[in-house]
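*Asks:* Pasting in a structure now, in structure tokens, and then I'll have a few things to ask.
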Amino acid sequence: MKDIYDVVVFGGGITGAGVFREAVKLGLNVLLLEKRDFAWGASSKSSKLVHGGLRYLKDGHLLLTRDSVKERERLINEIPGLVSRLEFLFPIFKNQSPGKLGMKIALTLYDLLAGKRFHQYHSTHHVKEIFPHIDSNRLTGGFTFSDAQVDDARLVQRLINEGKEAGGDALNYSYASKIIRNKDGLVESIIIKDSESQKEMGEIQTQAIINATGSWAEEIQSSPKKNLHLRPLRGSHLVFPQSRIPILQAISFGHPKDNRPLSFTPWEGAVLFGTTDLDHRHSLEKEPNITAEEITYLFEALDLFFPDLKLSKKDCISSFAGIRPVLSDGKKDPSKESREHVVWKNKGLVTVTGGKLTTFRLLAIDALKAALPSMGKPVSFNKNARIFNAMETSVEEWKLPKDMGKRLTGRYGNRTPDLLKDATEETLKVIPNTQTVWAEIPFVAKTETVRHLTDLLLRRVRIGLILPEGGAEHLDRIQELCSDGLKWDESKWEQEKRDYVKNWNACYSLENR
């Protein structure tokens, strides 16, 4: 760390990482602090979608949808392999909203905002051809349309990696234990501590702080708006093997009880199903998990609309739950809360919260504009500038299978040659039932500030979500691969393995729910 920074960012999720990257691009001297691990919260536990917010149209959030569609297209073009176009099937059921006309109007407007027609109507017969397991008795037809998907935690990590390579500093497991203000109440400095050892790491001078801690934001700055506070909402997903839900595109539909949007999404060799939308009334200090009530809710929809699949809890590989922050008076149904972001200012402390993963760049720009007066540095924003670095070498040079090369460059950008340098024919093999290659694990262990196995297997790579028991059967091989990158002795490795299995069973398993 340096002694003085133009701006310090609190929070290493998608919003904080976006602020960090944009600040570095502006030539600012910036430090990012994350109290746990990068993307520990909602930014590793989303629906993995970069979407325009089709459902926000019916609530009148036209500008939010427009911005989201534009940002979606930008990300698809800039980082193919990390953000990829995904086709959705939306079946139309009898006595289920929206009907054919309402959906056609919404999708027409959706495509107009994107500047390209993606949607198409299909007969009942064609929908059954696309997905034979759907309930024929209720089906009247369906639409296909386009959105995109992402590895959310890798998106965060790529922003942080490129920000660090360009001169920024980013620390996980670190936080500001105290904000010091001068006699006029302006931010002057902060005291930084390691969040696990509680060891003081020093005092840093700064005149600008951007609080991007999501659901934790009001722990640092209270809402200045009367009766409006952050409402933590939990969204939970089930993860199934693709062999049990054989789909190549996503399927979206409304829950029969409350019409809450649900979707099957093929992702990383598995299929995600969710999400719920409930008030999270538990401590934010504890990692969330799916509840028995949410499991029942999700299976109600599966049993009604897809009875031929005959899915049960035994088919689930894992589950995960994330907490979304929305600013609310607490009176609306959770699914009807606005996903627009807010920015608060308080003498050098700027809080940005709410918003969507898709529009992280817009949140970052708004937050930095609010913080610039405290820094006293004239900078100008170029909204058309790239977010991510362009590739300096061609994928074809590495003689990899095309899909593998595209996937690796999407996740690691110009660091991909470094990954491949130490790879062997054996480690470039794909881990069974995933799309991850073995070589990724030792590379990120060595280069991406991994402190625990949970960081490595649940966020740097995602095999903890898509393999039975979190991939516990591979832990010995992972130890062997990472022995150079993680300088842990045998006792530390055994403790990390025990802690990983315990954490996975508590927060990602369906057992005893």
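To be explicit about the labels: the chains of the structure tokens are called A, B, and onward in the order shown, and within each one the residues are counted from 1, while ligands get numbers from 1 in the order they are shown.
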List the spatial neighbours of Ser136 (chain A) as a PyMOL selection string - criterion: any atom at most 9 Å away, only C-alpha atoms, same-chain residues fewer than 4 positions off excluded.
*Replies:* chain A and resi 124+128+132+140+305
*Asks:* Excluding Asn384 (chain A) and residues on its chain fewer than 4 positions from it, collect all residues at most 12 Å away from it, counting only C-alpha atoms, and give them as a PyMOL selection string.
*Replies:* chain A and resi 70-71+74+78+361-362+388
*Asks:* Which of these, A:Lys2, A:Lys100, A:His237, A:Lys429, has the shortest distance to Tyr121 (chain A) once you count only C-alpha atoms?
*Replies:* A:Lys100
*Asks:* List every residue of region 206-298 of chain A that has an atom at most 12 Å from any atom of region 51-59 of chain A, and for each one report the closest atom pair and its distance in Å to one decimal, counting only C-alpha atoms, with rows sorted by chain and then by increasing residue number, as a tab-separated table.
*Replies:*
residue	atom	partner	partner_atom	distance
A:Ser252	CA	A:Arg55	CA	11.2
A:Phe253	CA	A:Arg55	CA	11.1
A:Gly254	CA	A:Arg55	CA	10.7
A:Asn259	CA	A:Arg55	CA	11.1
A:Arg260	CA	A:Arg55	CA	9.7
A:Pro261	CA	A:Arg55	CA	8.0
A:Leu262	CA	A:Arg55	CA	11.2
*Asks:* Would you please work out which residue, of A:Ala321, A:Ala390, A:Ile431, A:Met375, is nearest to Glu287 (chain A) when using only C-alpha atoms?
*Replies:*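 When distances to Glu287 (chain A) are compared using only C-alpha atoms, the smallest one comes from A:Ala321.
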*Asks:* Rank nothing, just name the residue among A:Leu408, A:Ile76, A:Leu139, A:Ile323 nearest to Lys94 (chain A), using only C-alpha atoms.
*Replies:*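 Closest to Lys94 (chain A), using only C-alpha atoms: A:Leu139.
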*Asks:* Using only C-alpha atoms for the distances, tell me which of A:Leu62, A:Gln207, A:Lys45, A:Gly141 is nearest to Leu101 (chain A).
*Replies:*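 Checking each candidate against Leu101 (chain A), we get A:Gly141 as the closest.
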*Asks:* If you count only C-alpha atoms, which residues fall within 10 Å of Ser236 (chain A), apart from same-chain ones fewer than 6 positions away, as a PyMOL selection string?
*Replies:* chain A and resi 45-47+273-278+288-291+294-295+298+319-323
*Asks:* Which is closest to Pro373 (chain A) among A:Asn346, A:Asn503, A:Ser394, A:Ser215, if we use only C-alpha atoms?
*Replies:* A:Asn346
*Asks:* Residues near Phe145 (chain A), anyone? I mean within 8 Å using only C-alpha atoms, not counting same-chain ones fewer than 2 positions away, as a PyMOL selection string.
*Replies:* chain A and resi 87-90+107+118-120+143+147
*Asks:* Measure the distance from CA of Ala42 (chain A) to CA of Asp111 (chain A) in Å and round it to one decimal.
*Replies:*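 CA of Ala42 (chain A) sits 28.2 Å away from CA of Asp111 (chain A).
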*Asks:* Report the closest atom pair, with its distance in Å rounded to one decimal, for each residue of region 122-197 of chain A that has an atom no farther than 12 Å from region 442-453 of chain A; count only C-alpha atoms, sort by chain and then rising residue number, and write it as CSV.
*Replies:*
residue,atom,partner,partner_atom,distance
A:Arg154,CA,A:Val444,CA,10.8
A:Val156,CA,A:Glu448,CA,11.8
A:Gln157,CA,A:Glu448,CA,8.3
A:Arg158,CA,A:Glu448,CA,10.2
A:Ile160,CA,A:Glu448,CA,9.6
A:Asn161,CA,A:Glu448,CA,8.0
A:Glu162,CA,A:Glu448,CA,11.7
A:Lys164,CA,A:Glu448,CA,10.8
A:Glu165,CA,A:Thr447,CA,11.8
A:Ala170,CA,A:Thr449,CA,9.7
A:Leu171,CA,A:Thr449,CA,8.3
A:Asn172,CA,A:Thr449,CA,7.6
A:Tyr173,CA,A:Arg451,CA,8.6
A:Ser174,CA,A:Arg451,CA,12.0
A:Glu196,CA,A:Arg451,CA,10.6
*Asks:* Store the residues picked out above, limited to C-alpha atoms, as a PDB file, in the first residue's frame.
*Replies:*
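Below is the file result_0.pdb, written as the result:
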ATOM      1  CA  ARG A 154     -14.642 -14.100 -12.958  1.00  0.00           C
ATOM      2  CA  VAL A 156     -15.239  -9.204 -10.919  1.00  0.00           C
ATOM      3  CA  GLN A 157     -11.775 -10.756 -10.892  1.00  0.00           C
ATOM      4  CA  ARG A 158     -10.953  -9.620 -14.416  1.00  0.00           C
ATOM      5  CA  ILE A 160      -9.645  -6.209 -10.428  1.00  0.00           C
ATOM      6  CA  ASN A 161      -6.740  -7.883 -12.250  1.00  0.00           C
ATOM      7  CA  GLU A 162      -6.712  -5.297 -15.037  1.00  0.00           C
ATOM      8  CA  LYS A 164      -4.022  -3.796 -10.566  1.00  0.00           C
ATOM      9  CA  GLU A 165      -1.966  -4.284 -13.722  1.00  0.00           C
ATOM     10  CA  ALA A 170      -6.586  -4.106  -4.256  1.00  0.00           C
ATOM     11  CA  LEU A 171      -6.653  -6.087  -1.011  1.00  0.00           C
ATOM     12  CA  ASN A 172      -9.058  -8.797   0.073  1.00  0.00           C
ATOM     13  CA  TYR A 173      -9.623  -9.687   3.747  1.00  0.00           C
ATOM     14  CA  SER A 174      -8.969  -6.023   4.649  1.00  0.00           C
ATOM     15  CA  GLU A 196      -9.198 -12.175  10.075  1.00  0.00           C
TER      16      GLU A 196
END
*Asks:* Please determine, counting only C-alpha atoms, which residue among A:Ile365, A:Cys507, A:Leu420, A:Leu233 has the shortest atom-to-atom distance to Thr454 (chain A).
*Replies:*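 Under the stated criterion, the closest residue is A:Cys507.
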*Asks:* Between CA of Glu440 (chain A) and CA of Val461 (chain A), what is the distance, to one decimal in Å?
*Replies:*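 Those two atoms sit 7.5 Å apart.
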*Asks:* What residues in region 193-393 of chain A get the DSSP label strand (DSSP E or B)? Please answer as a PyMOL selection string.
*Replies:* chain A and resi 193-194+200-205+209-211+229-241+250-254+261-267+270-274+278-279+318-328+342-346+349-353
*Asks:* Please provide as a PyMOL selection string all residues within 10 Å of Leu248 (chain A), with the sequence filter that same-chain residues fewer than 2 positions apart are discarded (counting only C-alpha atoms).
*Replies:* chain A and resi 86-88+130-131+242+245-246+250-251+265-267+271
*Asks:* Can you pull out every residue within 10 Å of region 398-402 of chain A, counting only C-alpha atoms, but drop anything in the same chain fewer than 5 positions away, and send it as a CSV table (one decimal) with N, CA and C atoms, in the first residue's frame?
*Replies:*
chain,number,residue,atom,x,y,z
A,393,THR,N,-2.7,-10.8,-28.3
A,393,THR,CA,-2.3,-11.9,-29.1
A,393,THR,C,-3.6,-12.6,-29.6
A,407,ARG,N,-12.9,-19.3,-24.2
A,407,ARG,CA,-13.3,-19.3,-22.8
A,407,ARG,C,-12.2,-18.8,-21.9
A,416,THR,N,-3.7,-14.8,-20.3
A,416,THR,CA,-3.9,-16.2,-20.7
A,416,THR,C,-2.5,-16.8,-21.1
A,417,PRO,N,-1.6,-16.1,-21.9
A,417,PRO,CA,-0.3,-16.8,-22.2
A,417,PRO,C,0.4,-17.2,-20.9
A,420,LEU,N,-1.0,-20.5,-19.9
A,420,LEU,CA,-0.6,-21.6,-20.8
A,420,LEU,C,0.9,-21.9,-20.7
A,428,LEU,N,-4.2,-29.3,-19.4
A,428,LEU,CA,-5.2,-28.7,-20.3
A,428,LEU,C,-6.4,-29.5,-20.6
*Asks:* Within 6 Å of Val50 (chain A), counting only C-alpha atoms, which residues qualify if same-chain residues fewer than 2 places away don't, as a ChimeraX atom specification?
*Replies:* /A:72,148-149,358
